[in-house]
Every structure is written in structure tokens, then in C-alpha cells.
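A.B. asks: Input work_15.cif, format and content: mmCIF, C-alpha atoms.
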data_upload
#
loop_
_atom_site.label_atom_id
_atom_site.label_comp_id
_atom_site.auth_asym_id
_atom_site.auth_seq_id
_atom_site.Cartn_x
_atom_site.Cartn_y
_atom_site.Cartn_z
CA MET A 131 0.00 0.00 0.00
CA SER A 132 2.76 2.48 0.87
CA LYS A 133 4.48 1.88 -2.51
CA LEU A 134 1.25 2.77 -4.27
CA VAL A 135 0.90 5.98 -2.26
CA LEU A 136 4.52 6.88 -3.00
CA LEU A 137 3.98 6.25 -6.71
CA VAL A 138 0.85 8.44 -6.78
CA VAL A 139 2.67 11.26 -4.95
CA MET A 140 5.58 11.06 -7.37
CA LEU A 141 3.27 11.16 -10.38
CA LEU A 142 1.42 14.16 -8.97
CA MET A 143 4.71 15.98 -8.38
CA ILE A 144 5.86 15.32 -11.96
CA ALA A 145 2.52 16.50 -13.39
CA SER A 146 2.59 19.60 -11.19
CA ALA A 147 6.13 20.48 -12.26
CA HIS A 148 5.15 20.39 -15.93
CA SER A 149 1.85 22.23 -15.65
CA SER A 150 2.82 25.00 -13.24
CA ARG A 151 4.43 28.24 -14.25
CA PRO A 152 6.71 30.57 -12.31
CA SER A 153 4.84 32.60 -9.71
CA TYR A 154 5.96 35.89 -11.27
CA ILE A 155 4.12 35.17 -14.56
CA GLU A 156 0.71 36.86 -14.40
CA CYS A 157 -0.59 35.59 -17.74
CA GLN A 158 0.39 33.38 -20.65
CA ASP A 159 -2.66 34.08 -22.83
CA SER A 160 -4.94 37.10 -23.16
CA LYS A 161 -7.89 34.80 -22.37
CA GLU A 162 -6.63 34.71 -18.77
CA CYS A 163 -7.03 38.47 -18.32
CA GLY A 164 -10.79 38.84 -18.48
CA PRO A 165 -13.05 41.19 -20.43
CA GLY A 166 -11.57 44.51 -21.53
CA SER A 167 -7.99 43.36 -20.91
CA CYS A 168 -5.18 41.58 -22.69
CA CYS A 169 -1.85 39.97 -21.86
CA ALA A 170 1.06 42.19 -22.92
CA ILE A 171 4.82 41.87 -22.60
CA GLY A 172 7.37 44.67 -22.54
CA ALA A 173 10.52 45.19 -24.60
CA ASN A 174 13.11 44.57 -21.88
CA ARG A 175 15.10 41.34 -21.96
CA TYR A 176 13.34 39.62 -19.06
CA SER A 177 9.98 41.37 -19.29
CA VAL A 178 7.14 39.61 -17.53
CA PRO A 179 3.77 39.32 -19.29
CA MET A 180 1.03 41.18 -17.43
CA CYS A 181 -2.68 41.80 -17.83
CA GLN A 182 -3.38 45.35 -18.99
CA ARG A 183 -6.62 47.06 -19.88
CA MET A 184 -7.48 47.74 -23.49
CA HIS A 185 -7.39 51.35 -24.62
CA GLU A 186 -10.56 53.45 -24.61
CA VAL A 187 -11.77 56.34 -26.83
CA GLY A 188 -9.17 59.09 -27.11
CA GLU A 189 -6.32 57.09 -25.59
CA SER A 190 -3.05 56.59 -27.46
CA CYS A 191 -2.66 53.46 -29.56
CA ARG A 192 -0.37 51.81 -32.04
CA GLY A 193 -1.96 51.23 -35.42
CA ARG A 194 0.74 48.92 -36.74
CA GLY A 195 2.10 45.86 -35.00
CA GLN A 196 -0.91 45.33 -32.77
CA GLU A 197 -1.59 41.75 -33.77
CA PRO A 198 -1.38 39.12 -31.04
CA MET A 199 1.66 36.88 -31.14
CA ASN A 200 2.78 33.47 -29.92
CA THR A 201 6.31 33.13 -28.53
CA THR A 202 8.46 31.45 -25.92
CA VAL A 203 10.35 33.55 -23.38
CA GLY A 204 13.16 32.51 -21.05
CA TYR A 205 14.21 33.84 -17.66
CA PRO A 206 17.42 33.75 -15.56
CA ASP A 207 15.98 30.99 -13.33
CA GLN A 208 15.99 28.73 -16.44
CA SER A 209 12.18 28.92 -16.76
CA LYS A 210 10.79 28.85 -20.28
CA VAL A 211 7.23 30.12 -20.71
CA GLU A 212 5.01 29.61 -23.75
CA LEU A 213 2.96 32.74 -24.55
CA THR A 214 -0.12 32.60 -26.76
CA ASN A 215 -2.25 35.47 -28.02
CA VAL A 216 -0.15 38.14 -26.25
CA TYR A 217 0.60 41.69 -27.36
CA TRP A 218 3.90 43.52 -27.68
CA LEU A 219 4.11 46.47 -25.25
CA PHE A 220 0.45 47.57 -25.21
CA CYS A 221 -3.05 46.23 -25.55
CA PRO A 222 -5.00 47.30 -28.63
CA CYS A 223 -8.11 49.46 -28.60
CA ALA A 224 -11.17 48.02 -26.84
CA ASP A 225 -13.86 46.18 -28.79
CA GLY A 226 -15.77 48.49 -31.14
CA LEU A 227 -12.85 50.91 -31.43
CA VAL A 228 -10.12 51.30 -34.03
CA CYS A 229 -6.71 52.99 -33.87
CA GLU A 230 -7.09 56.11 -36.02
CA LYS A 231 -3.88 56.67 -38.00
CA PRO A 232 -3.58 60.48 -38.10
CA SER A 233 -4.06 60.96 -34.35
CA SER A 234 -2.90 57.53 -33.12
CA THR A 235 -5.87 57.44 -30.77
CA CYS A 236 -8.66 54.94 -30.29
CA GLN A 237 -11.86 56.05 -32.00
CA PRO A 238 -15.28 54.45 -32.64
CA LYS A 239 -15.51 52.34 -35.79
CA GLU A 240 -17.53 54.06 -38.48
#
Output the structure of this file as C-alpha cells.
C.D. replies:
Amino acid sequence: MSKLVLLVVMLLMIASAHSSRPSYIECQDSKECGPGSCCAIGANRYSVPMCQRMHEVGESCRGRGQEPMNTTVGYPDQSKVELTNVYWLFCPCADGLVCEKPSSTCQPKE
């Protein structure tokens, strides 16, 4: 009986090690951030992905390069994290808004 318990504990530890992520990673996918938010990662070497709110009417935006991306990032503790559907630097405009080119601000779609 004790060998069975030990085996189950070992299997759970192995599964946990593969499915868990470092505690400092807030999100790996924009779906984790909830409505009106996205997962975005900064430009610094060891930037940590974080949930940010999407931009509202009149707020600054980036018209180009605002497509979500999939990538793998590595950290000094040897962690490698798969990111899916994340944005570079900033979230895009909120639903129903578009980044207007001349002003680089979020505006209602026409």
C-alpha cells in the first residue's frame, strides 16, 4: 500500500512540475485576463507578461504591429514560458474601437 501511495505522490509531483508556471508570470494568454484586458509583454530582456486594460476612446494606440503573437520567453531561473495570443508592449483598442492613424488614438468604428 505504501508503494502505491509513494507512486501516486511522485506522479502528482511530476505533473505539477510540468503544468505549473513561475509565480511571477501573471498571464500566458490574453484569455486569462478577463473582459476589456489583454496579456502584454514589454521590450526589456526579461519582461514579464502582465494583464493590462485595453485602450478606450481618445487614448493613445499603435496602429501597426498590434496583432497578437505566440512566442516562448526565457528567464534567468531557467524557466521557459510559452505565450499565446499576447501583445507587444500595449493592448490594442477596446472592442468596437479602431486605432485612427492620423491621431494615433482609439476612435469608434464608423
A.B. asks: Output the residue selection produced by the PyMOL selection byres ((chain A and resi 214-229) around 6) on the file above, formatted as a PyMOL selection string.
C.D. replies: chain A and resi 159-160+168-172+184-186+191+193+198-200+213+230+234-239
A.B. asks: Output the residue selection produced by the PyMOL selection byres ((chain A and resi 155-157) around 8) on the file above, formatted as a list in words.
C.D. replies: Arg151, Pro152, Ser153, Tyr154, Gln158, Asp159, Ser160, Glu162, Cys163, Cys169, Val178, Pro179, Met180 and Cys181 of chain A
A.B. asks: So how many Å separate CA of Lys231 in chain A and CA of Ser190 in chain A, to one decimal?
C.D. replies: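 Atom-to-atom, CA of Lys231 in chain A and CA of Ser190 in chain A are spaced 10.6 Å apart.
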A.B. asks: Find the residue from A:Pro232, A:Gln182, A:Tyr176, A:Val187 that sits nearest to Asp207 in chain A; use all atoms listed in the file when measuring.
C.D. replies: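 Among the listed residues, A:Tyr176 lies closest to Asp207 in chain A.
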A.B. asks: I'd like the contact shell of Tyr205 in chain A - 9 Å cut-off, all atoms listed in the file, skipping same-chain residues fewer than 5 positions apart - returned as a list in words.
C.D. replies: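 Selected residues are Arg175, Tyr176, Ser177, Lys210 and Val211 of chain A.
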A.B. asks: Between CA of Arg183 in chain A and CA of Glu197 in chain A, what distance in Å does the model show, to one decimal?
C.D. replies: 15.7 Å
A.B. asks: In Å, rounded to a single decimal, give me how far CA of Gly164 in chain A is from CA of Pro206 in chain A.
C.D. replies: 28.8 Å
A.B. asks: Looking at only C-alpha atoms, which of A:Ser209, A:Glu189, A:Gln196, A:Pro165 is the one that sits closest to Ser233 in chain A?
C.D. replies: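 Closest to Ser233 in chain A, using only C-alpha atoms: A:Glu189.
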A.B. asks: Go ahead and fit an axis-aligned box to every listed atom of range 177-182 of chain A plus 6 Å each side, and pass me the centre and edge lengths in Å, one decimal, as AutoDock Vina command-line options.
C.D. replies:
--center_x 3.3 --center_y 42.3 --center_z -18.4 --size_x 25.4 --size_y 18.0 --size_z 13.9
